[in-house]
Amino acid sequence: MAAGGTRGRRGPAPSLPLAAEPRRFPRPRAAGRGGMAGERAAGLVRELHRAGGGNLPPFRAEGLRQALEEMRALYERNQADVSEAKSGRTDLIFLIRFRHCCLLRNQRCVLAYLYDRLLRIRALRWEYGSVLPNTIQFHMSAEEVRCLRDYGEFEIDDGTTILLKKNSQHFLPRWKCEQLIRQGVLEHILS
């Protein structure tokens, strides 16, 4: 029994002094764009999560490009600050570490986004075979290209051959026809 005969009764909880309350710091902003650092890359992962396991949302090339651009900007700013920190400005070390953590987080998010899409596309290929329905192909990263001169047959990784004739248009993943774009055989059609 507690002193005074009160068993287990406690008085009101003591209030914390103002200094012990959690501080609210402004959130660091991304490299000059007004958004939270890493928000674009995390948004790509959130979108995949919302789409569910069996669905393939449209490929977000612009969102991916923005995330990579943010990573490049963070890296360049870190390089400049590392040079200053080496010359004695130790106050920059925490900022450098923060940016480095943002870079690593963006890298993880971008890789998770691409890997998850890869797994979903692989599962769809197993389900539908080499020819995916148009509704699914629409969500892949194929871009429209126009053939500028007669080239002949062009074989894609999956064994499909495409006849490239002058002024013909095709939906192909840009990475598969990048060499032909550089050679002047194909051009990317901007919509």
# chains A, B, ... in the order shown; residues from 1 in each chain; ligands from 1

$ select_by_dssp --residues "segment 59-156 of chain A" --states "strand (DSSP E or B)" --output "MDAnalysis selection string"
chainID A and resid 142:147 152:155

$ select_by_dssp --residues "segment 119-184 of chain A" --states "alpha helix (DSSP H)" --output "VMD selection string"
chain A and resid 119 to 128 134 to 137 174 to 183

$ residues_around --residues "Ile93 of chain A" --least-positions-apart "4" --cutoff "8 Å" --atoms "only C-alpha atoms" --output "list in words"
Val82, Ala85 and Arg97 of chain A

$ atom_distance --atom1 "atom CA of Lys165 of chain A" --atom2 "atom CA of Asp150 of chain A"
4.4 Å

$ closest_residue --among "A:Arg125, A:Arg99, A:His49, A:Arg77" --to "Ala37 of chain A" --atoms "only C-alpha atoms"
A:Arg99

$ closest_atom_pairs --of "segment 93-147 of chain A" --to "segment 64-68 of chain A" --cutoff "10 Å" --atoms "only C-alpha atoms" --output "CSV"
residue,atom,partner,partner_atom,distance
A:Leu103,CA,A:Leu68,CA,9.6
A:Asn106,CA,A:Ala67,CA,7.1
A:Gln107,CA,A:Leu68,CA,8.6
A:Cys109,CA,A:Ala67,CA,9.3
A:Val110,CA,A:Leu64,CA,7.3
A:Tyr113,CA,A:Leu64,CA,9.1
A:Leu114,CA,A:Leu64,CA,9.5

$ decode --residues "segment 99-128 of chain A" --atoms "N, CA and C atoms" --output "short mmCIF file (atom, residue, chain, number, x, y, z; two decimals), in the first residue's frame"
data_model
loop_
_atom_site.label_atom_id
_atom_site.label_comp_id
_atom_site.auth_asym_id
_atom_site.auth_seq_id
_atom_site.Cartn_x
_atom_site.Cartn_y
_atom_site.Cartn_z
N ARG A 99 21.84 15.30 -47.87
CA ARG A 99 21.67 15.14 -49.33
C ARG A 99 22.06 13.73 -49.76
N HIS A 100 23.12 13.19 -49.17
CA HIS A 100 23.54 11.84 -49.52
C HIS A 100 22.44 10.83 -49.18
N CYS A 101 21.81 11.00 -48.02
CA CYS A 101 20.69 10.12 -47.65
C CYS A 101 19.54 10.27 -48.64
N CYS A 102 19.28 11.50 -49.09
CA CYS A 102 18.23 11.73 -50.11
C CYS A 102 18.58 11.02 -51.41
N LEU A 103 19.86 11.09 -51.79
CA LEU A 103 20.30 10.40 -53.01
C LEU A 103 20.09 8.89 -52.88
N LEU A 104 20.47 8.33 -51.75
CA LEU A 104 20.30 6.89 -51.55
C LEU A 104 18.83 6.50 -51.55
N ARG A 105 17.98 7.32 -50.93
CA ARG A 105 16.54 7.04 -50.90
C ARG A 105 15.96 7.10 -52.31
N ASN A 106 16.33 8.14 -53.07
CA ASN A 106 15.86 8.25 -54.45
C ASN A 106 16.30 7.04 -55.26
N GLN A 107 17.55 6.63 -55.06
CA GLN A 107 18.07 5.48 -55.79
C GLN A 107 17.26 4.23 -55.46
N ARG A 108 16.98 4.01 -54.19
CA ARG A 108 16.19 2.84 -53.78
C ARG A 108 14.79 2.90 -54.38
N CYS A 109 14.18 4.09 -54.36
CA CYS A 109 12.82 4.23 -54.90
C CYS A 109 12.77 3.99 -56.40
N VAL A 110 13.73 4.56 -57.13
CA VAL A 110 13.76 4.38 -58.59
C VAL A 110 13.99 2.92 -58.93
N LEU A 111 14.93 2.29 -58.24
CA LEU A 111 15.18 0.87 -58.51
C LEU A 111 13.99 0.01 -58.13
N ALA A 112 13.33 0.33 -57.03
CA ALA A 112 12.13 -0.42 -56.63
C ALA A 112 11.04 -0.26 -57.67
N TYR A 113 10.86 0.96 -58.19
CA TYR A 113 9.85 1.22 -59.22
C TYR A 113 10.13 0.39 -60.47
N LEU A 114 11.36 0.44 -60.95
CA LEU A 114 11.70 -0.29 -62.17
C LEU A 114 11.65 -1.80 -61.96
N TYR A 115 12.12 -2.27 -60.80
CA TYR A 115 12.12 -3.71 -60.54
C TYR A 115 10.70 -4.24 -60.40
N ASP A 116 9.84 -3.49 -59.73
CA ASP A 116 8.45 -3.92 -59.57
C ASP A 116 7.76 -3.98 -60.93
N ARG A 117 7.99 -2.99 -61.78
CA ARG A 117 7.42 -3.03 -63.13
C ARG A 117 7.94 -4.23 -63.90
N LEU A 118 9.23 -4.50 -63.76
CA LEU A 118 9.82 -5.65 -64.43
C LEU A 118 9.14 -6.94 -64.00
N LEU A 119 8.92 -7.12 -62.70
CA LEU A 119 8.25 -8.32 -62.21
C LEU A 119 6.82 -8.42 -62.72
N ARG A 120 6.13 -7.29 -62.76
CA ARG A 120 4.74 -7.30 -63.25
C ARG A 120 4.69 -7.63 -64.74
N ILE A 121 5.60 -7.07 -65.51
CA ILE A 121 5.63 -7.35 -66.95
C ILE A 121 6.00 -8.81 -67.19
N ARG A 122 6.94 -9.33 -66.41
CA ARG A 122 7.31 -10.74 -66.53
C ARG A 122 6.11 -11.64 -66.25
N ALA A 123 5.35 -11.32 -65.20
CA ALA A 123 4.15 -12.12 -64.88
C ALA A 123 3.13 -12.02 -66.00
N LEU A 124 2.97 -10.83 -66.58
CA LEU A 124 2.03 -10.68 -67.69
C LEU A 124 2.48 -11.46 -68.92
N ARG A 125 3.79 -11.50 -69.16
CA ARG A 125 4.32 -12.29 -70.29
C ARG A 125 4.04 -13.77 -70.09
N TRP A 126 4.18 -14.25 -68.85
CA TRP A 126 3.88 -15.65 -68.58
C TRP A 126 2.40 -15.92 -68.77
N GLU A 127 1.58 -14.96 -68.41
CA GLU A 127 0.13 -15.15 -68.50
C GLU A 127 -0.36 -15.07 -69.94
N TYR A 128 0.13 -14.07 -70.71
CA TYR A 128 -0.40 -13.83 -72.06
C TYR A 128 0.51 -14.31 -73.18
#
